[in-house]
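Peer 1: Dropping a structure here in structure tokens format, bear with me for questions.
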Amino acid sequence: MLRCGNIARSGSVPRQLSLFNQMNASIQLTQASSAAEAADHTQQRIREIPYNYTSFSDREIVLRLLGARCWEVLTQLRQERRTGRSARMLYEVLGDVWIIERNPYLQDDLLRNRRRRGLLIGALEHRLGEIDRRRDGADDGRDARVVRLLELARAATAAFAAGFASTE
């Protein structure tokens with residue numbers, strides 16, 4: 001078993017142990033933990049978007065890709081979530097778009113390979129189509145929110161695809 005220098009044998013870490021010793025930062029652990037607790041209460045950093053290994057929260061990604069109104073709709077739908085399958089499919093679409101927009105190597109690969117790009121865009125559209133197919137018309141308010149969300153997601157997907165067409 002590896003042993004770290006200043007950690008007590010009982011497994012407890014002294015509250016005043018400086019992060020500077022561990023990570024070259026001069027913040028005390030008590031300050032860092034209280035700041036993290038405060039941030040946690042004000043805004044949850046939910047991570048449901050796959051491939052999101054950035055410092056951006058799901059909220060920030062949705063705001064960048066779909067806009068502020070869409071985040072409000074997503075928040076309302078999240079509170080009414082039943083199975084979460086449609087949400088998972090939407091987050092997969094957003095994750096694919098996000099990772100490709102952030103990675104120039106993936107962009108170059110998709111620009112060079114039209115077939116792969118077509119398959120990707122087809123998969124994005126298929127997932128959105130499945131969300132549309134799963135809509136429940138029994139609740140008009142919920143259904144209207146899902147329709148609005150799908151409109152915005154389809155527009156973002158179309159803009160994503162058009163970005164490749166304009167670059168060729």
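Each chain of the structure tokens is named A, B, ... in the order shown, its residues numbered from 1; ligands are numbered from 1 in display order.
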When you look at Leu90 of chain A with a cut-off of 9 Å (counting only C-alpha atoms), what residues show up, excluding the ones that are within fewer than 4 positions of it in the same chain? I need them as a list in words.
Peer 2: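 The contact residues come out as Ile49, Arg85, Ser86, Leu94, Gly95, Leu124, Arg127, Leu128, Ile131, Leu150 and Ala153 of chain A.
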Peer 1: With C-alpha atoms retained, could you export that selection as a compact mmCIF listing (two decimals), in the first residue's frame?
Peer 2:
# COMPACT_ATOMS: atom_id res chain seq x y z
CA ILE A 49 -23.91 14.72 -20.84
CA ARG A 85 -34.59 7.40 -21.69
CA SER A 86 -35.48 10.45 -23.76
CA LEU A 94 -25.50 17.10 -27.03
CA GLY A 95 -22.43 15.14 -25.92
CA LEU A 124 -28.07 12.36 -34.08
CA ARG A 127 -32.02 9.86 -31.54
CA LEU A 128 -34.05 13.04 -31.83
CA ILE A 131 -37.44 11.21 -28.53
CA LEU A 150 -36.84 19.02 -29.96
CA ALA A 153 -32.13 20.40 -30.63
Peer 1: From the list A:Glu125, A:Glu48, A:Asp139, A:Asp58, which residue is nearest Glu80 of chain A when using only C-alpha atoms?
Peer 2: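 Ranking A:Glu125, A:Glu48, A:Asp139, A:Asp58 by distance to Glu80 of chain A, first place goes to A:Asp139.
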Peer 1: Residues near segment 109-116 of chain A, anyone? I mean within 8 Å using only C-alpha atoms, not counting same-chain ones fewer than 3 positions away, as a CSV table (one decimal) with N, CA, C and O atoms, in the first residue's frame.
Peer 2:
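What follows is the written file around_26.csv:
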chain,number,residue,atom,x,y,z
A,105,TYR,N,-9.3,17.6,-34.0
A,105,TYR,CA,-8.9,16.3,-34.7
A,105,TYR,C,-10.1,15.5,-35.2
A,105,TYR,O,-10.2,15.0,-36.3
A,106,LEU,N,-11.2,15.5,-34.3
A,106,LEU,CA,-12.4,14.9,-34.7
A,106,LEU,C,-13.1,15.6,-35.9
A,106,LEU,O,-13.6,15.0,-36.8
A,119,LEU,N,-23.0,9.2,-41.2
A,119,LEU,CA,-23.5,8.3,-40.2
A,119,LEU,C,-23.7,9.0,-38.8
A,119,LEU,O,-24.7,8.7,-38.1
A,120,LEU,N,-22.8,9.9,-38.5
A,120,LEU,CA,-22.9,10.6,-37.2
A,120,LEU,C,-24.2,11.5,-37.2
A,120,LEU,O,-25.0,11.4,-36.3
A,164,PHE,N,-20.1,21.8,-41.2
A,164,PHE,CA,-19.2,20.9,-42.0
A,164,PHE,C,-19.4,21.2,-43.5
A,164,PHE,O,-18.4,21.3,-44.2
A,167,THR,N,-17.6,24.3,-44.4
A,167,THR,CA,-16.1,24.3,-44.3
A,167,THR,C,-15.5,23.5,-45.5
A,167,THR,O,-14.3,23.8,-45.9
A,168,GLU,N,-16.3,22.6,-46.1
A,168,GLU,CA,-15.7,21.8,-47.2
A,168,GLU,C,-15.3,22.7,-48.4
A,168,GLU,O,-15.7,23.7,-48.8
Peer 1: Among segment 72-152 of chain A, which residues carry a DSSP assignment of alpha helix (DSSP H), reported as a CSV table (one decimal) with N, CA, C and O atoms, in the first residue's frame?
Peer 2:
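Resulting contents of out_36.csv:
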chain,number,residue,atom,x,y,z
A,72,GLU,N,-34.1,26.1,-19.2
A,72,GLU,CA,-35.3,26.2,-18.3
A,72,GLU,C,-36.3,25.1,-18.6
A,72,GLU,O,-36.8,24.5,-17.7
A,73,VAL,N,-36.5,24.8,-19.9
A,73,VAL,CA,-37.4,23.7,-20.3
A,73,VAL,C,-36.8,22.4,-19.8
A,73,VAL,O,-37.6,21.5,-19.2
A,74,LEU,N,-35.5,22.2,-19.9
A,74,LEU,CA,-34.9,20.9,-19.4
A,74,LEU,C,-35.1,20.8,-17.9
A,74,LEU,O,-35.3,19.7,-17.4
A,75,THR,N,-34.9,21.8,-17.2
A,75,THR,CA,-35.0,21.8,-15.8
A,75,THR,C,-36.5,21.4,-15.4
A,75,THR,O,-36.7,20.6,-14.5
A,76,GLN,N,-37.5,22.0,-16.1
A,76,GLN,CA,-38.8,21.6,-15.8
A,76,GLN,C,-39.1,20.1,-16.1
A,76,GLN,O,-39.7,19.4,-15.3
A,77,LEU,N,-38.6,19.7,-17.2
A,77,LEU,CA,-38.8,18.3,-17.6
A,77,LEU,C,-38.0,17.3,-16.7
A,77,LEU,O,-38.5,16.2,-16.4
A,78,ARG,N,-36.9,17.7,-16.2
A,78,ARG,CA,-36.1,16.9,-15.3
A,78,ARG,C,-36.9,16.6,-14.0
A,78,ARG,O,-36.8,15.6,-13.4
A,79,GLN,N,-37.7,17.6,-13.6
A,79,GLN,CA,-38.5,17.4,-12.3
A,79,GLN,C,-39.6,16.4,-12.6
A,79,GLN,O,-40.1,15.8,-11.6
A,85,ARG,N,-35.1,7.9,-20.4
A,85,ARG,CA,-34.6,7.4,-21.7
A,85,ARG,C,-34.5,8.5,-22.7
A,85,ARG,O,-33.5,8.7,-23.4
A,86,SER,N,-35.5,9.3,-22.8
A,86,SER,CA,-35.5,10.5,-23.8
A,86,SER,C,-34.4,11.5,-23.4
A,86,SER,O,-33.7,12.0,-24.2
A,87,ALA,N,-34.3,11.7,-22.1
A,87,ALA,CA,-33.3,12.7,-21.6
A,87,ALA,C,-31.9,12.1,-21.9
A,87,ALA,O,-31.0,12.9,-22.4
A,88,ARG,N,-31.7,10.8,-21.7
A,88,ARG,CA,-30.4,10.2,-22.0
A,88,ARG,C,-30.1,10.4,-23.5
A,88,ARG,O,-28.9,10.7,-23.9
A,89,MET,N,-31.1,10.1,-24.4
A,89,MET,CA,-30.8,10.3,-25.8
A,89,MET,C,-30.5,11.7,-26.2
A,89,MET,O,-29.6,12.0,-27.0
A,90,LEU,N,-31.2,12.7,-25.6
A,90,LEU,CA,-30.9,14.1,-25.8
A,90,LEU,C,-29.5,14.4,-25.4
A,90,LEU,O,-28.7,15.1,-26.1
A,91,TYR,N,-29.1,13.9,-24.2
A,91,TYR,CA,-27.8,14.2,-23.7
A,91,TYR,C,-26.7,13.6,-24.5
A,91,TYR,O,-25.6,14.1,-24.7
A,92,GLU,N,-27.0,12.4,-25.1
A,92,GLU,CA,-26.1,11.8,-26.1
A,92,GLU,C,-25.8,12.6,-27.3
A,92,GLU,O,-24.7,12.8,-27.8
A,93,VAL,N,-26.9,13.2,-27.8
A,93,VAL,CA,-26.8,14.1,-29.0
A,93,VAL,C,-26.0,15.3,-28.6
A,93,VAL,O,-25.0,15.7,-29.3
A,94,LEU,N,-26.3,15.9,-27.5
A,94,LEU,CA,-25.5,17.1,-27.0
A,94,LEU,C,-24.0,16.7,-26.8
A,94,LEU,O,-23.1,17.5,-27.1
A,95,GLY,N,-23.8,15.6,-26.2
A,95,GLY,CA,-22.4,15.1,-25.9
A,95,GLY,C,-21.6,14.9,-27.2
A,95,GLY,O,-20.5,15.4,-27.3
A,96,ASP,N,-22.3,14.3,-28.2
A,96,ASP,CA,-21.6,14.1,-29.5
A,96,ASP,C,-21.3,15.5,-30.1
A,96,ASP,O,-20.1,15.7,-30.6
A,97,VAL,N,-22.2,16.4,-30.2
A,97,VAL,CA,-22.0,17.7,-30.8
A,97,VAL,C,-20.9,18.4,-30.0
A,97,VAL,O,-20.0,19.0,-30.6
A,98,TRP,N,-21.0,18.4,-28.7
A,98,TRP,CA,-20.0,19.1,-27.8
A,98,TRP,C,-18.6,18.6,-28.0
A,98,TRP,O,-17.7,19.4,-28.2
A,99,ILE,N,-18.4,17.3,-28.0
A,99,ILE,CA,-17.1,16.8,-28.1
A,99,ILE,C,-16.4,17.1,-29.4
A,99,ILE,O,-15.3,17.4,-29.5
A,100,ILE,N,-17.3,17.0,-30.5
A,100,ILE,CA,-16.7,17.3,-31.8
A,100,ILE,C,-16.4,18.8,-32.0
A,100,ILE,O,-15.4,19.1,-32.6
A,101,GLU,N,-17.3,19.6,-31.5
A,101,GLU,CA,-17.0,21.1,-31.6
A,101,GLU,C,-15.7,21.4,-30.8
A,101,GLU,O,-15.0,22.4,-31.1
A,102,ARG,N,-15.4,20.7,-29.8
A,102,ARG,CA,-14.2,21.0,-28.9
A,102,ARG,C,-12.9,20.3,-29.4
A,102,ARG,O,-11.9,20.6,-28.9
A,104,PRO,N,-10.6,19.6,-32.6
A,104,PRO,CA,-10.3,19.8,-34.0
A,104,PRO,C,-9.8,18.5,-34.7
A,104,PRO,O,-10.0,18.4,-35.9
A,105,TYR,N,-9.3,17.6,-34.0
A,105,TYR,CA,-8.9,16.3,-34.7
A,105,TYR,C,-10.1,15.5,-35.2
A,105,TYR,O,-10.2,15.0,-36.3
A,106,LEU,N,-11.2,15.5,-34.3
A,106,LEU,CA,-12.4,14.9,-34.7
A,106,LEU,C,-13.1,15.6,-35.9
A,106,LEU,O,-13.6,15.0,-36.8
A,107,GLN,N,-13.0,16.9,-35.8
A,107,GLN,CA,-13.6,17.8,-36.9
A,107,GLN,C,-12.9,17.4,-38.2
A,107,GLN,O,-13.5,17.3,-39.3
A,108,ASP,N,-11.5,17.4,-38.2
A,108,ASP,CA,-10.8,17.1,-39.4
A,108,ASP,C,-11.1,15.7,-39.9
A,108,ASP,O,-11.3,15.5,-41.2
A,109,ASP,N,-11.3,14.8,-39.0
A,109,ASP,CA,-11.6,13.4,-39.5
A,109,ASP,C,-13.0,13.4,-40.1
A,109,ASP,O,-13.1,12.7,-41.2
A,110,LEU,N,-13.9,14.1,-39.6
A,110,LEU,CA,-15.3,14.1,-40.2
A,110,LEU,C,-15.3,14.9,-41.5
A,110,LEU,O,-16.1,14.6,-42.4
A,111,LEU,N,-14.5,15.9,-41.6
A,111,LEU,CA,-14.4,16.6,-42.8
A,111,LEU,C,-13.8,15.8,-44.0
A,111,LEU,O,-14.2,15.8,-45.1
A,112,ARG,N,-12.8,14.9,-43.6
A,112,ARG,CA,-12.2,14.0,-44.6
A,112,ARG,C,-13.1,12.9,-45.0
A,112,ARG,O,-13.0,12.3,-46.1
A,114,ARG,N,-16.7,11.7,-45.5
A,114,ARG,CA,-18.1,12.1,-45.6
A,114,ARG,C,-19.0,11.0,-45.1
A,114,ARG,O,-20.1,11.2,-44.5
A,115,ARG,N,-18.7,9.7,-45.3
A,115,ARG,CA,-19.5,8.6,-44.9
A,115,ARG,C,-19.6,8.6,-43.4
A,115,ARG,O,-20.8,8.5,-42.9
A,116,ARG,N,-18.6,8.7,-42.7
A,116,ARG,CA,-18.6,8.8,-41.2
A,116,ARG,C,-19.4,9.9,-40.7
A,116,ARG,O,-20.2,9.8,-39.8
A,117,ARG,N,-19.2,11.1,-41.4
A,117,ARG,CA,-20.0,12.3,-41.0
A,117,ARG,C,-21.5,12.1,-41.2
A,117,ARG,O,-22.3,12.4,-40.3
A,118,GLY,N,-21.8,11.5,-42.3
A,118,GLY,CA,-23.2,11.2,-42.6
A,118,GLY,C,-23.8,10.2,-41.6
A,118,GLY,O,-25.0,10.4,-41.2
A,119,LEU,N,-23.0,9.2,-41.2
A,119,LEU,CA,-23.5,8.3,-40.2
A,119,LEU,C,-23.7,9.0,-38.8
A,119,LEU,O,-24.7,8.7,-38.1
A,120,LEU,N,-22.8,9.9,-38.5
A,120,LEU,CA,-22.9,10.6,-37.2
A,120,LEU,C,-24.2,11.5,-37.2
A,120,LEU,O,-25.0,11.4,-36.3
A,121,ILE,N,-24.3,12.2,-38.3
A,121,ILE,CA,-25.5,13.1,-38.3
A,121,ILE,C,-26.8,12.3,-38.4
A,121,ILE,O,-27.8,12.7,-37.8
A,122,GLY,N,-26.8,11.2,-39.1
A,122,GLY,CA,-27.9,10.3,-39.1
A,122,GLY,C,-28.3,9.8,-37.8
A,122,GLY,O,-29.4,9.7,-37.4
A,123,ALA,N,-27.2,9.4,-37.0
A,123,ALA,CA,-27.5,8.9,-35.6
A,123,ALA,C,-28.0,10.0,-34.7
A,123,ALA,O,-28.9,9.8,-33.9
A,124,LEU,N,-27.5,11.2,-34.9
A,124,LEU,CA,-28.1,12.4,-34.1
A,124,LEU,C,-29.6,12.6,-34.4
A,124,LEU,O,-30.4,12.7,-33.5
A,125,GLU,N,-29.9,12.6,-35.7
A,125,GLU,CA,-31.3,12.8,-36.1
A,125,GLU,C,-32.1,11.6,-35.7
A,125,GLU,O,-33.3,11.8,-35.3
A,126,HIS,N,-31.6,10.4,-35.7
A,126,HIS,CA,-32.4,9.2,-35.3
A,126,HIS,C,-32.7,9.3,-33.8
A,126,HIS,O,-33.9,9.1,-33.4
A,127,ARG,N,-31.7,9.7,-33.0
A,127,ARG,CA,-32.0,9.9,-31.5
A,127,ARG,C,-33.1,10.9,-31.3
A,127,ARG,O,-34.0,10.7,-30.5
A,128,LEU,N,-33.0,12.0,-32.0
A,128,LEU,CA,-34.1,13.0,-31.8
A,128,LEU,C,-35.4,12.5,-32.3
A,128,LEU,O,-36.4,12.8,-31.7
A,129,GLY,N,-35.4,11.7,-33.4
A,129,GLY,CA,-36.6,11.1,-33.9
A,129,GLY,C,-37.2,10.2,-32.8
A,129,GLY,O,-38.5,10.1,-32.7
A,130,GLU,N,-36.4,9.4,-32.2
A,130,GLU,CA,-36.8,8.5,-31.1
A,130,GLU,C,-37.5,9.2,-29.9
A,130,GLU,O,-38.4,8.8,-29.3
A,131,ILE,N,-36.9,10.4,-29.6
A,131,ILE,CA,-37.4,11.2,-28.5
A,131,ILE,C,-38.8,11.7,-29.0
A,131,ILE,O,-39.8,11.6,-28.2
A,132,ASP,N,-38.9,12.1,-30.2
A,132,ASP,CA,-40.2,12.6,-30.7
A,132,ASP,C,-41.2,11.4,-30.7
A,132,ASP,O,-42.4,11.6,-30.3
A,133,ARG,N,-40.8,10.2,-31.1
A,133,ARG,CA,-41.7,9.1,-31.1
A,133,ARG,C,-42.2,8.7,-29.7
A,133,ARG,O,-43.3,8.3,-29.5
A,140,ASP,N,-50.6,17.9,-22.2
A,140,ASP,CA,-50.3,19.0,-23.2
A,140,ASP,C,-49.2,19.9,-22.8
A,140,ASP,O,-48.4,20.2,-23.7
A,141,GLY,N,-49.1,20.3,-21.6
A,141,GLY,CA,-48.0,21.2,-21.2
A,141,GLY,C,-46.6,20.5,-21.3
A,141,GLY,O,-45.7,21.1,-21.8
A,142,ARG,N,-46.5,19.3,-20.9
A,142,ARG,CA,-45.2,18.5,-21.0
A,142,ARG,C,-44.9,18.3,-22.5
A,142,ARG,O,-43.8,18.5,-22.9
A,143,ASP,N,-45.9,17.9,-23.2
A,143,ASP,CA,-45.7,17.7,-24.6
A,143,ASP,C,-45.3,18.9,-25.4
A,143,ASP,O,-44.4,18.8,-26.2
A,144,ALA,N,-45.8,20.1,-25.0
A,144,ALA,CA,-45.4,21.3,-25.7
A,144,ALA,C,-43.9,21.6,-25.3
A,144,ALA,O,-43.2,22.1,-26.2
A,145,ARG,N,-43.5,21.3,-24.1
A,145,ARG,CA,-42.1,21.6,-23.7
A,145,ARG,C,-41.2,20.7,-24.5
A,145,ARG,O,-40.1,21.1,-24.9
A,146,VAL,N,-41.6,19.4,-24.6
A,146,VAL,CA,-40.8,18.4,-25.3
A,146,VAL,C,-40.7,18.8,-26.8
A,146,VAL,O,-39.6,18.8,-27.4
A,147,VAL,N,-41.8,19.3,-27.4
A,147,VAL,CA,-41.7,19.7,-28.8
A,147,VAL,C,-40.8,20.9,-29.0
A,147,VAL,O,-40.0,21.0,-29.9
A,148,ARG,N,-40.9,21.9,-28.1
A,148,ARG,CA,-40.0,23.0,-28.1
A,148,ARG,C,-38.5,22.6,-28.0
A,148,ARG,O,-37.6,23.1,-28.7
A,149,LEU,N,-38.2,21.7,-27.1
A,149,LEU,CA,-36.9,21.2,-26.9
A,149,LEU,C,-36.4,20.5,-28.1
A,149,LEU,O,-35.2,20.7,-28.5
A,150,LEU,N,-37.2,19.7,-28.7
A,150,LEU,CA,-36.8,19.0,-30.0
A,150,LEU,C,-36.6,20.0,-31.1
A,150,LEU,O,-35.6,19.8,-31.9
A,151,GLU,N,-37.4,21.0,-31.2
A,151,GLU,CA,-37.1,22.1,-32.2
A,151,GLU,C,-35.8,22.7,-32.1
A,151,GLU,O,-35.0,22.8,-33.0
A,152,LEU,N,-35.4,23.0,-30.8
A,152,LEU,CA,-34.1,23.7,-30.6
A,152,LEU,C,-33.0,22.7,-30.8
A,152,LEU,O,-31.9,23.0,-31.4
Peer 1: Quick one, how far is atom CA of Ser57 of chain A from atom CA of Thr83 of chain A?
Peer 2: 22.3 Å
Peer 1: Suppose you want the space between atom CA of Asp136 of chain A and atom CA of Arg81 of chain A; what is it in Å?
Peer 2: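 Distance between the two atoms: 12.2 Å.
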